[in-house]
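The next block is input09.txt, given as compact mmCIF, C-alpha atoms (C1' of nucleotides).
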# COMPACT_ATOMS: atom_id res chain seq x y z
CA MET A 661 1.62 -3.38 -52.38
CA ASN A 662 0.88 -4.92 -49.00
CA ALA A 663 -1.71 -3.85 -46.44
CA GLU A 664 0.72 -1.86 -44.32
CA GLU A 665 1.95 0.16 -47.27
CA ILE A 666 -1.58 0.88 -48.46
CA LEU A 667 -2.66 2.14 -45.06
CA LYS A 668 0.55 4.12 -44.68
CA LEU A 669 -0.08 5.95 -47.95
CA HIS A 670 -3.63 6.68 -46.85
CA VAL A 671 -2.59 8.06 -43.49
CA ALA A 672 0.19 10.11 -45.09
CA LYS A 673 -2.46 12.18 -46.85
CA SER A 674 -3.06 14.03 -43.61
CA ILE A 675 -0.23 13.39 -41.15
CA THR A 676 3.42 12.41 -40.99
CA ILE A 677 4.44 10.07 -38.19
CA PRO A 678 7.68 8.15 -37.63
CA GLY A 679 7.87 4.61 -39.01
CA GLU A 680 7.94 2.81 -35.67
CA GLN A 681 4.90 4.76 -34.50
CA PHE A 682 3.06 3.81 -37.67
CA SER A 683 4.01 0.16 -37.15
CA TYR A 684 2.53 0.35 -33.69
CA PHE A 685 -0.63 1.91 -35.12
CA PHE A 686 -0.79 -0.75 -37.82
CA SER A 687 -0.37 -3.57 -35.29
CA HIS A 688 -3.89 -2.86 -34.03
CA PHE A 689 -5.46 -3.75 -37.36
CA GLU A 690 -6.55 -7.22 -38.33
CA GLN A 691 -6.57 -8.17 -41.99
CA LEU A 692 -9.65 -10.05 -43.16
CA THR A 693 -10.80 -11.60 -46.42
CA PHE A 694 -14.45 -11.61 -47.43
CA LYS A 695 -16.32 -13.19 -50.32
CA LYS A 696 -18.75 -11.41 -52.60
CA GLY A 697 -22.11 -11.14 -50.90
CA GLN A 698 -20.79 -11.79 -47.40
CA ALA A 699 -22.23 -9.64 -44.61
CA ILE A 700 -19.85 -7.64 -42.41
CA ILE A 701 -22.34 -5.72 -40.26
CA SER A 702 -26.01 -6.68 -40.06
CA ASP A 703 -29.02 -4.84 -38.68
CA GLY A 704 -29.14 -5.44 -34.92
CA ASP A 705 -25.48 -6.36 -34.46
CA LYS A 706 -23.35 -4.82 -31.77
CA VAL A 707 -20.96 -2.61 -33.73
CA GLU A 708 -17.42 -2.62 -32.42
CA HIS A 709 -15.24 -2.19 -35.48
CA GLU A 710 -14.67 -0.07 -38.49
CA TYR A 711 -13.22 -1.31 -41.75
CA PHE A 712 -10.63 0.05 -44.13
CA VAL A 713 -10.94 -1.32 -47.65
CA LEU A 714 -7.71 -2.62 -49.22
CA ASP A 715 -9.25 -4.27 -52.26
CA GLY A 716 -12.73 -4.87 -53.63
CA CYS A 717 -15.90 -2.95 -52.91
CA LEU A 718 -18.25 -2.82 -49.93
CA LYS A 719 -21.59 -1.13 -49.60
CA SER A 720 -23.26 0.34 -46.54
CA PHE A 721 -27.02 0.38 -46.78
CA TYR A 722 -30.30 0.71 -44.97
CA LEU A 723 -33.23 -1.67 -45.37
CA ASN A 724 -36.68 -0.10 -45.24
CA ASP A 725 -39.24 -2.67 -43.97
CA GLU A 726 -36.61 -5.27 -44.85
CA VAL A 727 -37.75 -4.65 -48.41
CA ARG A 728 -36.36 -1.62 -50.10
CA MET A 729 -32.63 -0.95 -49.97
CA PHE A 730 -31.00 2.48 -49.78
CA ILE A 731 -27.27 2.56 -50.30
CA LEU A 732 -25.43 5.24 -48.38
CA GLN A 733 -21.98 4.54 -49.70
CA PHE A 734 -19.94 2.28 -51.90
CA ALA A 735 -16.63 1.79 -50.11
CA MET A 736 -13.78 1.40 -52.57
CA PRO A 737 -10.09 0.78 -51.75
CA GLY A 738 -8.85 3.55 -49.45
CA TRP A 739 -12.30 4.16 -47.97
CA TRP A 740 -13.62 3.38 -44.52
CA ALA A 741 -16.97 1.80 -43.71
CA SER A 742 -19.02 1.04 -40.61
CA ASP A 743 -22.26 2.03 -38.96
CA TYR A 744 -20.73 5.13 -37.43
CA ASN A 745 -23.84 6.09 -35.58
CA ALA A 746 -23.91 2.77 -33.73
CA LEU A 747 -20.13 2.69 -33.42
CA TYR A 748 -19.92 6.02 -31.61
CA ASN A 749 -23.09 5.79 -29.56
CA GLY A 750 -22.59 2.18 -28.58
CA GLY A 751 -25.95 1.20 -30.00
CA ARG A 752 -27.00 -1.63 -32.27
CA ALA A 753 -26.57 -1.45 -36.01
CA THR A 754 -29.33 0.02 -38.13
CA ILE A 755 -27.02 0.16 -41.14
CA ASN A 756 -25.78 -2.94 -42.92
CA VAL A 757 -22.39 -3.39 -44.52
CA ASP A 758 -21.61 -6.18 -46.96
CA CYS A 759 -19.43 -7.07 -49.92
CA VAL A 760 -20.31 -6.09 -53.47
CA THR A 761 -17.23 -8.02 -54.66
CA ASN A 762 -14.62 -10.21 -52.99
CA ALA A 763 -12.80 -7.94 -50.61
CA GLU A 764 -9.69 -7.48 -48.49
CA VAL A 765 -10.14 -5.22 -45.49
CA LEU A 766 -8.37 -4.04 -42.36
CA ARG A 767 -10.44 -4.10 -39.20
CA LEU A 768 -9.93 -1.73 -36.26
CA SER A 769 -11.89 -1.91 -33.03
CA SER A 770 -13.45 1.18 -31.52
CA THR A 771 -11.62 0.47 -28.28
CA ASP A 772 -8.27 0.40 -30.05
CA ARG A 773 -9.08 3.52 -32.04
CA GLU A 774 -9.80 5.44 -28.85
CA LYS A 775 -6.72 4.03 -27.18
CA LEU A 776 -4.56 5.05 -30.14
CA CYS A 777 -6.15 8.50 -30.28
CA LYS A 778 -5.28 9.03 -26.62
CA GLU A 779 -1.73 7.71 -26.97
CA ILE A 780 -0.75 9.46 -30.19
CA HIS A 781 -1.93 12.98 -30.76
CA GLU A 782 -1.25 12.73 -34.50
CA ILE A 783 -3.58 9.76 -34.77
CA GLU A 784 -6.38 11.75 -33.17
CA TYR A 785 -5.74 14.42 -35.77
CA PHE A 786 -5.90 11.81 -38.50
CA PHE A 787 -9.33 10.56 -37.38
CA ARG A 788 -10.65 14.08 -37.03
CA TRP A 789 -9.47 14.80 -40.54
CA ARG A 790 -11.04 11.63 -41.89
CA THR A 791 -14.42 12.32 -40.32
CA ASN A 792 -14.32 15.85 -41.68
CA LYS A 793 -13.89 14.47 -45.15
CA GLY A 794 -16.82 12.15 -44.57
CA TYR A 795 -18.98 14.97 -43.27
CA ALA A 796 -18.22 17.19 -46.24
CA ALA A 797 -18.97 14.32 -48.61
CA ALA A 798 -22.27 13.52 -46.85
CA GLN A 799 -23.29 17.15 -47.12
CA LYS A 800 -22.39 17.26 -50.78
CA LYS A 801 -24.43 14.13 -51.45
CA MET A 802 -27.38 15.64 -49.61
CA LEU A 803 -27.26 18.76 -51.77
CA SER A 804 -26.98 16.75 -54.95
CA PHE A 805 -30.03 14.84 -53.82
CA MET A 806 -32.13 17.91 -53.11
CA ASN A 807 -30.98 19.77 -56.20
CA ASN A 808 -30.83 17.35 -59.05
CA ASP A 809 -33.11 14.86 -60.71
CA ALA A 810 -32.27 11.20 -61.12
CA ARG A 811 -30.61 11.64 -64.51
CA SER A 812 -28.10 14.24 -63.42
CA ARG A 813 -27.34 12.34 -60.22
CA TYR A 814 -26.64 9.31 -62.38
CA GLU A 815 -24.39 11.24 -64.73
CA GLU A 816 -22.57 12.82 -61.81
CA LEU A 817 -21.91 9.42 -60.27
CA MET A 818 -20.69 7.86 -63.51
CA GLN A 819 -18.40 10.78 -64.14
CA GLN A 820 -16.92 10.58 -60.66
CA TYR A 821 -16.64 6.79 -60.42
CA PRO A 822 -16.72 5.34 -63.93
CA ALA A 823 -15.46 2.04 -62.49
CA LEU A 824 -18.79 1.47 -60.78
CA TYR A 825 -20.54 0.93 -64.12
CA ASN A 826 -18.93 -2.45 -64.67
CA LEU A 827 -18.21 -3.32 -61.06
CA VAL A 828 -21.66 -2.96 -59.56
CA PRO A 829 -25.04 -4.37 -60.70
CA LYS A 830 -27.43 -1.72 -61.96
CA HIS A 831 -30.05 -2.25 -59.27
CA LEU A 832 -27.44 -1.34 -56.66
CA ILE A 833 -26.61 1.84 -58.51
CA ALA A 834 -30.33 2.58 -58.51
CA ALA A 835 -30.45 1.99 -54.74
CA TYR A 836 -27.57 4.45 -54.34
CA LEU A 837 -29.26 7.07 -56.49
CA GLY A 838 -32.55 6.58 -54.68
CA VAL A 839 -34.59 5.59 -57.73
CA SER A 840 -36.23 2.35 -58.77
CA ARG A 841 -34.23 0.00 -60.98
CA GLU A 842 -36.82 0.48 -63.73
CA THR A 843 -36.31 4.23 -63.74
CA LEU A 844 -32.54 3.85 -63.83
CA SER A 845 -32.81 1.44 -66.74
CA ARG A 846 -34.93 3.94 -68.68
CA LEU A 847 -32.44 6.70 -67.92
CA TYR A 848 -29.57 5.41 -69.98
CA HIS A 849 -31.69 3.76 -72.66
CA THR A 850 -32.85 7.38 -73.04
CA MET B 441 -25.96 32.57 -18.34
CA ASN B 442 -23.03 34.22 -20.10
CA ALA B 443 -21.24 33.09 -23.24
CA GLU B 444 -18.39 31.41 -21.39
CA GLU B 445 -20.74 29.33 -19.28
CA ILE B 446 -22.80 28.27 -22.29
CA LEU B 447 -19.75 27.13 -24.21
CA LYS B 448 -18.37 25.40 -21.14
CA LEU B 449 -21.54 23.37 -20.71
CA HIS B 450 -21.42 22.45 -24.37
CA VAL B 451 -17.80 21.32 -24.23
CA ALA B 452 -18.43 19.41 -21.02
CA LYS B 453 -20.69 17.05 -22.93
CA SER B 454 -17.63 15.33 -24.32
CA ILE B 455 -14.53 16.32 -22.33
CA THR B 456 -13.42 17.58 -18.94
CA ILE B 457 -10.63 20.13 -18.86
CA PRO B 458 -9.32 22.30 -16.03
CA GLY B 459 -10.86 25.76 -15.65
CA GLU B 460 -7.79 27.75 -16.63
CA GLN B 461 -7.35 25.64 -19.75
CA PHE B 462 -10.96 26.29 -20.70
CA SER B 463 -10.48 30.01 -20.15
CA TYR B 464 -7.53 29.90 -22.51
CA PHE B 465 -9.67 28.05 -25.04
CA PHE B 466 -12.50 30.55 -24.61
CA SER B 467 -10.15 33.50 -25.08
CA HIS B 468 -9.85 32.60 -28.76
CA PHE B 469 -13.54 33.19 -29.39
CA GLU B 470 -15.04 36.51 -30.36
CA GLN B 471 -18.60 37.26 -29.41
CA LEU B 472 -20.73 38.85 -32.14
CA THR B 473 -24.28 40.12 -32.41
CA PHE B 474 -26.25 39.82 -35.64
CA LYS B 475 -29.64 41.11 -36.70
CA LYS B 476 -32.37 39.02 -38.29
CA GLY B 477 -31.64 38.59 -41.99
CA GLN B 478 -27.96 39.52 -41.72
CA ALA B 479 -25.53 37.43 -43.76
CA ILE B 480 -22.63 35.73 -41.99
CA ILE B 481 -21.12 33.74 -44.85
CA SER B 482 -22.01 34.43 -48.49
CA ASP B 483 -21.37 32.44 -51.64
CA GLY B 484 -17.85 33.24 -52.86
CA ASP B 485 -16.48 34.46 -49.51
CA LYS B 486 -13.20 33.24 -48.15
CA VAL B 487 -14.26 31.09 -45.19
CA GLU B 488 -12.01 31.43 -42.17
CA HIS B 489 -14.34 31.01 -39.20
CA GLU B 490 -16.91 28.77 -37.68
CA TYR B 491 -19.73 29.96 -35.46
CA PHE B 492 -21.19 28.65 -32.22
CA VAL B 493 -24.75 29.83 -31.61
CA LEU B 494 -25.47 31.28 -28.15
CA ASP B 495 -28.91 32.64 -28.87
CA GLY B 496 -31.24 32.90 -31.86
CA CYS B 497 -31.28 30.81 -34.98
CA LEU B 498 -29.06 30.66 -38.06
CA LYS B 499 -29.55 28.74 -41.26
CA SER B 500 -26.96 27.31 -43.63
CA PHE B 501 -28.23 26.97 -47.16
CA TYR B 502 -27.37 26.49 -50.78
CA LEU B 503 -28.72 28.62 -53.61
CA ASN B 504 -29.45 26.83 -56.86
CA ASP B 505 -29.08 29.25 -59.81
CA GLU B 506 -29.39 32.01 -57.20
CA VAL B 507 -33.07 31.13 -57.25
CA ARG B 508 -34.10 28.12 -55.28
CA MET B 509 -32.90 27.72 -51.70
CA PHE B 510 -32.04 24.44 -50.01
CA ILE B 511 -31.51 24.60 -46.28
CA LEU B 512 -28.96 22.16 -44.91
CA GLN B 513 -29.33 23.03 -41.26
CA PHE B 514 -31.04 25.34 -38.83
CA ALA B 515 -28.44 26.18 -36.19
CA MET B 516 -30.07 26.64 -32.81
CA PRO B 517 -28.31 27.57 -29.53
CA GLY B 518 -25.56 25.03 -28.82
CA TRP B 519 -25.05 24.23 -32.51
CA TRP B 520 -22.17 25.10 -34.78
CA ALA B 521 -22.42 26.45 -38.30
CA SER B 522 -20.08 27.22 -41.18
CA ASP B 523 -19.31 26.09 -44.69
CA TYR B 524 -17.21 23.18 -43.49
CA ASN B 525 -16.20 22.11 -46.93
CA ALA B 526 -14.69 25.52 -47.69
CA LEU B 527 -13.37 25.88 -44.16
CA TYR B 528 -11.33 22.68 -44.29
CA ASN B 529 -10.25 22.79 -47.91
CA GLY B 530 -9.42 26.48 -47.91
CA GLY B 531 -11.78 27.13 -50.81
CA ARG B 532 -14.45 29.75 -51.34
CA ALA B 533 -17.90 29.39 -49.84
CA THR B 534 -20.59 27.61 -51.82
CA ILE B 535 -22.83 27.49 -48.75
CA ASN B 536 -24.41 30.58 -47.24
CA VAL B 537 -25.05 31.19 -43.56
CA ASP B 538 -27.37 33.90 -42.30
CA CYS B 539 -29.68 34.79 -39.43
CA VAL B 540 -33.25 33.57 -39.23
CA THR B 541 -33.69 35.65 -36.06
CA ASN B 542 -31.52 38.12 -34.17
CA ALA B 543 -28.58 36.12 -32.93
CA GLU B 544 -25.66 36.00 -30.54
CA VAL B 545 -22.74 33.88 -31.68
CA LEU B 546 -19.17 33.01 -30.81
CA ARG B 547 -16.72 33.07 -33.68
CA LEU B 548 -13.59 30.91 -33.87
CA SER B 549 -11.04 31.11 -36.66
CA SER B 550 -9.80 27.99 -38.39
CA THR B 551 -6.24 29.01 -37.59
CA ASP B 552 -7.02 29.23 -33.88
CA ARG B 553 -8.93 25.96 -33.92
CA GLU B 554 -5.95 24.17 -35.41
CA LYS B 555 -3.59 25.89 -33.00
CA LEU B 556 -5.76 24.88 -30.03
CA CYS B 557 -6.09 21.31 -31.32
CA LYS B 558 -2.30 21.06 -31.49
CA GLU B 559 -1.76 22.61 -28.07
CA ILE B 560 -4.44 20.77 -26.13
CA HIS B 561 -5.06 17.13 -26.90
CA GLU B 562 -8.48 17.26 -25.20
CA ILE B 563 -9.59 20.02 -27.53
CA GLU B 564 -8.70 17.93 -30.53
CA TYR B 565 -10.82 15.17 -29.05
CA PHE B 566 -13.67 17.60 -28.60
CA PHE B 567 -13.62 18.65 -32.26
CA ARG B 568 -13.38 15.06 -33.43
CA TRP B 569 -16.39 14.26 -31.27
CA ARG B 570 -18.34 17.23 -32.59
CA THR B 571 -17.71 16.37 -36.21
CA ASN B 572 -18.73 12.80 -35.54
CA LYS B 573 -22.06 14.02 -34.25
CA GLY B 574 -22.46 16.13 -37.36
CA TYR B 575 -21.59 13.23 -39.62
CA ALA B 576 -24.09 10.91 -37.94
CA ALA B 577 -26.77 13.60 -38.17
CA ALA B 578 -26.06 14.22 -41.84
CA GLN B 579 -26.34 10.52 -42.55
CA LYS B 580 -29.59 10.29 -40.67
CA LYS B 581 -31.02 13.22 -42.60
CA MET B 582 -29.96 11.59 -45.86
CA LEU B 583 -31.78 8.38 -44.97
CA SER B 584 -34.89 10.24 -43.92
CA PHE B 585 -34.79 11.97 -47.27
CA MET B 586 -34.46 8.81 -49.31
CA ASN B 587 -36.98 6.89 -47.24
CA ASN B 588 -39.86 9.16 -46.44
CA ASP B 589 -42.24 11.39 -48.30
CA ALA B 590 -42.66 15.10 -47.60
CA ARG B 591 -45.44 14.61 -45.05
CA SER B 592 -43.52 12.24 -42.78
CA ARG B 593 -40.37 14.36 -43.05
CA TYR B 594 -42.44 17.32 -41.96
CA GLU B 595 -43.96 15.44 -39.03
CA GLU B 596 -40.55 14.13 -38.02
CA LEU B 597 -39.12 17.65 -37.99
CA MET B 598 -42.01 19.12 -36.01
CA GLN B 599 -41.79 16.34 -33.48
CA GLN B 600 -38.06 16.81 -33.05
CA TYR B 601 -38.00 20.62 -33.04
CA PRO B 602 -41.50 21.90 -32.21
CA ALA B 603 -39.99 25.34 -31.57
CA LEU B 604 -39.31 25.76 -35.28
CA TYR B 605 -43.02 25.98 -36.07
CA ASN B 606 -43.32 29.45 -34.53
CA LEU B 607 -39.73 30.54 -34.91
CA VAL B 608 -39.19 29.99 -38.61
CA PRO B 609 -41.31 31.12 -41.59
CA LYS B 610 -43.01 28.26 -43.39
CA HIS B 611 -41.20 28.75 -46.68
CA LEU B 612 -37.90 28.14 -44.88
CA ILE B 613 -39.24 24.94 -43.39
CA ALA B 614 -40.22 23.95 -46.93
CA ALA B 615 -36.68 24.70 -48.11
CA TYR B 616 -35.32 22.49 -45.34
CA LEU B 617 -37.66 19.64 -46.21
CA GLY B 618 -36.85 20.00 -49.90
CA VAL B 619 -40.39 20.71 -51.08
CA SER B 620 -42.04 23.78 -52.54
CA ARG B 621 -43.80 26.16 -50.15
CA GLU B 622 -47.10 25.34 -51.86
CA THR B 623 -46.70 21.65 -51.16
CA LEU B 624 -45.80 22.28 -47.53
CA SER B 625 -48.84 24.52 -47.14
CA ARG B 626 -51.09 21.77 -48.48
CA LEU B 627 -49.48 19.24 -46.15
CA TYR B 628 -50.79 20.65 -42.90
CA HIS B 629 -54.03 22.00 -44.30
CA THR B 630 -54.48 18.31 -45.09
C1' DT C 1010 -28.37 -30.47 -69.97
C1' DG C 1011 -32.04 -28.65 -68.27
C1' DT C 1012 -33.56 -25.73 -64.31
C1' DT C 1013 -33.47 -22.04 -61.33
C1' DG C 1014 -32.84 -17.54 -60.10
C1' DA C 1015 -30.46 -13.06 -60.43
C1' DA C 1016 -30.08 -9.12 -63.43
C1' DT C 1017 -32.13 -6.33 -66.73
C1' DG C 1018 -35.45 -4.14 -70.21
C1' DT C 1019 -39.98 -2.16 -71.29
C1' DG C 1020 -45.03 -1.03 -71.63
C1' DA C 1021 -49.19 0.69 -69.02
C1' DT C 1022 -50.85 3.28 -65.50
C1' DG C 1023 -51.01 5.85 -60.97
C1' DT C 1024 -49.45 9.67 -57.94
C1' DA C 1025 -46.59 12.94 -55.20
C1' DG C 1026 -45.09 16.98 -55.72
C1' DG C 1027 -43.58 20.91 -58.96
C1' DT C 1028 -45.06 25.09 -61.45
C1' DC C 1029 -47.93 28.89 -62.54
C1' DA C 1030 -51.41 32.03 -61.51
C1' DC C 1031 -53.79 34.64 -58.50
C1' DC C 1032 -55.50 35.63 -54.00
C1' DC C 1033 -55.34 37.77 -49.15
C1' DT C 1034 -53.01 39.62 -44.88
C1' DA C 1035 -49.40 41.50 -42.12
C1' DT C 1036 -45.36 44.29 -41.64
C1' DT C 1037 -42.18 47.68 -42.79
C1' DA C 1038 -40.75 51.82 -45.33
C1' DC C 1039 -41.55 56.33 -46.87
C1' DG D 1394 -51.52 58.03 -43.96
C1' DT D 1395 -50.24 55.00 -48.35
C1' DA D 1396 -47.12 52.08 -50.80
C1' DA D 1397 -44.31 48.26 -51.06
C1' DT D 1398 -42.86 43.87 -49.77
C1' DA D 1399 -42.73 39.41 -47.20
C1' DG D 1400 -45.41 35.61 -45.85
C1' DG D 1401 -48.78 32.51 -46.81
C1' DG D 1402 -53.11 29.89 -49.05
C1' DT D 1403 -55.33 27.52 -52.98
C1' DG D 1404 -56.91 25.97 -57.68
C1' DA D 1405 -55.45 24.03 -62.36
C1' DC D 1406 -52.33 21.65 -64.66
C1' DC D 1407 -47.94 19.04 -65.69
C1' DT D 1408 -44.01 15.90 -65.01
C1' DA D 1409 -40.80 12.76 -62.96
C1' DC D 1410 -40.80 8.81 -60.98
C1' DA D 1411 -43.03 4.62 -58.63
C1' DT D 1412 -45.45 0.43 -59.22
C1' DC D 1413 -47.07 -3.60 -61.53
C1' DA D 1414 -46.76 -6.94 -65.00
C1' DC D 1415 -44.34 -9.52 -68.08
C1' DA D 1416 -40.39 -10.74 -71.17
C1' DT D 1417 -35.47 -11.73 -71.87
C1' DT D 1418 -30.71 -13.01 -70.95
C1' DC D 1419 -27.24 -15.28 -68.62
C1' DA D 1420 -24.72 -17.61 -64.93
C1' DA D 1421 -24.82 -21.18 -61.27
C1' DC D 1422 -25.43 -25.70 -60.40
C1' DA D 1423 -28.05 -30.33 -59.63
Show how you would write the structure in this file as structure tokens.
Amino acid sequence: MNAEEILKLHVAKSITIPGEQFSYFFSHFEQLTFKKGQAIISDGDKVEHEYFVLDGCLKSFYLNDEVRMFILQFAMPGWWASDYNALYNGGRATINVDCVTNAEVLRLSSTDREKLCKEIHEIEYFFRWRTNKGYAAAQKKMLSFMNNDARSRYEELMQQYPALYNLVPKHLIAAYLGVSRETLSRLYHT
Amino acid sequence: MNAEEILKLHVAKSITIPGEQFSYFFSHFEQLTFKKGQAIISDGDKVEHEYFVLDGCLKSFYLNDEVRMFILQFAMPGWWASDYNALYNGGRATINVDCVTNAEVLRLSSTDREKLCKEIHEIEYFFRWRTNKGYAAAQKKMLSFMNNDARSRYEELMQQYPALYNLVPKHLIAAYLGVSRETLSRLYHT
DNA sequence: TGTTGAATGTGATGTAGGTCACCCTATTAC
DNA sequence: GTAATAGGGTGACCTACATCACATTCAACA
């Protein structure tokens, strides 16, 4: 399946638009290839794009004192990633995004997104819908964090995304769960 | 200042629409008065509305085993509250919303919101903008939670919303910070 | 082929914050 | 008025998790 088809399927989850309109929408995306470990957005960058993952896995994360890493999200195929705070407020990045594996992504500029939202009402609906999803997910993660201990958060994650176990190094999973790698290691060696 | 003017100011932060169009928008809201302690959305309810706070303070919270309370948000004047997950997915509420103080709110149904978004492109933009704000805030809260200990989260909150100190009982502030009321008490009696 | 460094496991020990128990003081209800 | 209930403080103790230190495995690569 090519990039256009993948994005079309994704968009079709919330809206239906005619083919030529979708082609126009798609024409604003730029397809990019990244290697494992490559940075996409770094702390301090001007943030002008968001990224739709076609293949591979990204992570968005925050670095505390440039030392400890907290992962906000693993972005799998069909997910979007950026520093949305910086993207919408025009500020500099405080969130980093890079590649956990080799990755294929589609890049859309903030300027183009706003242009498209203005031109095509359905597209504005699509982006509202997408952000809603993100908001609900962020809230759910917050609750899971306040409610549960490290073990149940780990089990929850593995149940929801079993693929992560083999795809992602354990210390990154620890950084997502908000525990030290030592604690995570002890968790599943019971 | 009356309800219409308050909402107009709020909306004007992101869009400009002609007066008669705003009046049409406003006509879909219903103004309601609640007493301190009154429930607005309870676990298990069908969720069909969202609420814009004119005066007073609401809280949205989750009850773990019907025992421990985790507060997601205090909704002050100019803020919106609902169980957005249930509201957008048509499910039953898992989040509760009630009144920390006596409150004046404007209520908008999900049906009307979607109707208005379809009819008036600017309104759709407004709701996209609002959800974006919410998403960025949720992400920021998540990071603060992963990064900081209870004391700095408490100081951060008091610095950002000093009004809460006198407005809201301490055990609710504890439930927002995700610590026990005992721990919070010890925090500021150093 | 040996070296380096990333990823991981594991013991010892420290600590933030939870839990339980009990206290006192305001409100609110009757 | 008195009773009942919400809000809040504080000591004793416990637990989940962090931190530090060190060992092991394995892949990259000079």
### Task
Counting only C-alpha atoms (C1' of nucleotides), figure out which residue out of B:Leu627, B:Ala452, B:Leu583, B:Ala576 gets nearest to chain D.
B:Leu627
Which residues of chain A come within 12 Å of chain C, and for each one, what is the closest pair of atoms and their distance in Å to one decimal, counting all atoms listed in the file, sorted by chain and residue number, as JSON lines?
{"residue": "A:Val828", "atom": "CA", "partner": "C:DA1016", "partner_atom": "C1'", "distance": 11.1}
{"residue": "A:Pro829", "atom": "CA", "partner": "C:DA1016", "partner_atom": "C1'", "distance": 7.4}
{"residue": "A:Lys830", "atom": "CA", "partner": "C:DA1016", "partner_atom": "C1'", "distance": 8.0}
{"residue": "A:His831", "atom": "CA", "partner": "C:DA1016", "partner_atom": "C1'", "distance": 8.0}
{"residue": "A:Leu832", "atom": "CA", "partner": "C:DA1016", "partner_atom": "C1'", "distance": 10.6}
{"residue": "A:Arg841", "atom": "CA", "partner": "C:DT1017", "partner_atom": "C1'", "distance": 8.8}
{"residue": "A:Glu842", "atom": "CA", "partner": "C:DG1018", "partner_atom": "C1'", "distance": 8.1}
{"residue": "A:Thr843", "atom": "CA", "partner": "C:DT1019", "partner_atom": "C1'", "distance": 10.6}
{"residue": "A:Leu844", "atom": "CA", "partner": "C:DT1017", "partner_atom": "C1'", "distance": 10.6}
{"residue": "A:Ser845", "atom": "CA", "partner": "C:DG1018", "partner_atom": "C1'", "distance": 7.1}
{"residue": "A:Arg846", "atom": "CA", "partner": "C:DG1018", "partner_atom": "C1'", "distance": 8.2}
{"residue": "A:Leu847", "atom": "CA", "partner": "C:DG1018", "partner_atom": "C1'", "distance": 11.5}
{"residue": "A:Tyr848", "atom": "CA", "partner": "C:DG1018", "partner_atom": "C1'", "distance": 11.2}
{"residue": "A:His849", "atom": "CA", "partner": "C:DG1018", "partner_atom": "C1'", "distance": 9.1}
Determine, using only C-alpha atoms, which residues of chain B have any atom at most 7 Å from an atom of chain A, and tabulate each with its shortest atom pair and distance in Å to one decimal place, rows ordered by chain and then rising number, as CSV.
residue,atom,partner,partner_atom,distance
B:Tyr524,CA,A:Ala796,CA,6.7
B:Asn525,CA,A:Ala796,CA,5.4
B:His561,CA,A:His781,CA,6.5
B:Glu564,CA,A:Tyr785,CA,7.0
B:Tyr565,CA,A:Glu784,CA,7.0
B:Arg568,CA,A:Arg788,CA,4.6
B:Thr571,CA,A:Asn792,CA,6.5
B:Asn572,CA,A:Thr791,CA,6.5
B:Gly574,CA,A:Tyr795,CA,7.0
B:Tyr575,CA,A:Tyr795,CA,4.8
B:Ala576,CA,A:Asn745,CA,5.4
B:Ala578,CA,A:Ala798,CA,6.3
B:Gln579,CA,A:Ala798,CA,6.6
B:Met582,CA,A:Met802,CA,6.1
B:Met586,CA,A:Gly838,CA,6.1
B:Gly618,CA,A:Met806,CA,6.1
### Task
Using all atoms listed in the file, find which residues of chain D lie within 9 Å of chain A and jot them down as a list of chain:residue names.
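Every residue meeting the condition is included here: D:DA1409, D:DC1410, D:DA1411.
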Go ahead and find all residues with at least one atom no further than 12 Å from (-12.6, 31.8, -34.1) in the file's coordinates, using all atoms listed in the file; report them as a short mmCIF file (atom, residue, chain, number, x, y, z; two decimals) with C-alpha atoms, in the coordinates of the input.
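Writing the result to point-v1.cif gives the following:
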data_model
loop_
_atom_site.label_atom_id
_atom_site.label_comp_id
_atom_site.auth_asym_id
_atom_site.auth_seq_id
_atom_site.Cartn_x
_atom_site.Cartn_y
_atom_site.Cartn_z
CA PHE B 465 -9.67 28.05 -25.04
CA PHE B 466 -12.50 30.55 -24.61
CA SER B 467 -10.15 33.50 -25.08
CA HIS B 468 -9.85 32.60 -28.76
CA PHE B 469 -13.54 33.19 -29.39
CA GLU B 470 -15.04 36.51 -30.36
CA GLN B 471 -18.60 37.26 -29.41
CA LEU B 472 -20.73 38.85 -32.14
CA VAL B 487 -14.26 31.09 -45.19
CA GLU B 488 -12.01 31.43 -42.17
CA HIS B 489 -14.34 31.01 -39.20
CA GLU B 490 -16.91 28.77 -37.68
CA TYR B 491 -19.73 29.96 -35.46
CA PHE B 492 -21.19 28.65 -32.22
CA TRP B 520 -22.17 25.10 -34.78
CA ALA B 521 -22.42 26.45 -38.30
CA SER B 522 -20.08 27.22 -41.18
CA LEU B 527 -13.37 25.88 -44.16
CA VAL B 545 -22.74 33.88 -31.68
CA LEU B 546 -19.17 33.01 -30.81
CA ARG B 547 -16.72 33.07 -33.68
CA LEU B 548 -13.59 30.91 -33.87
CA SER B 549 -11.04 31.11 -36.66
CA SER B 550 -9.80 27.99 -38.39
CA THR B 551 -6.24 29.01 -37.59
CA ASP B 552 -7.02 29.23 -33.88
CA ARG B 553 -8.93 25.96 -33.92
CA GLU B 554 -5.95 24.17 -35.41
CA LYS B 555 -3.59 25.89 -33.00
CA LEU B 556 -5.76 24.88 -30.03
#
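Pairwise distance (atom CA of Leu447 of chain B, atom CA of Gly518 of chain B) equals 7.7 Å.
Of the residues under consideration (A:Ile833, A:Ile783, A:Ile755, A:Met736), A:Ile783 shows the shortest atom-to-atom contact distance to Ser674 of chain A when counting all atoms listed in the file.
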### Message
Could you tell me how far atom CA of Asn756 of chain A sits from atom CA of Gly704 of chain A, in Å to one decimal place?
### Response
9.0 Å
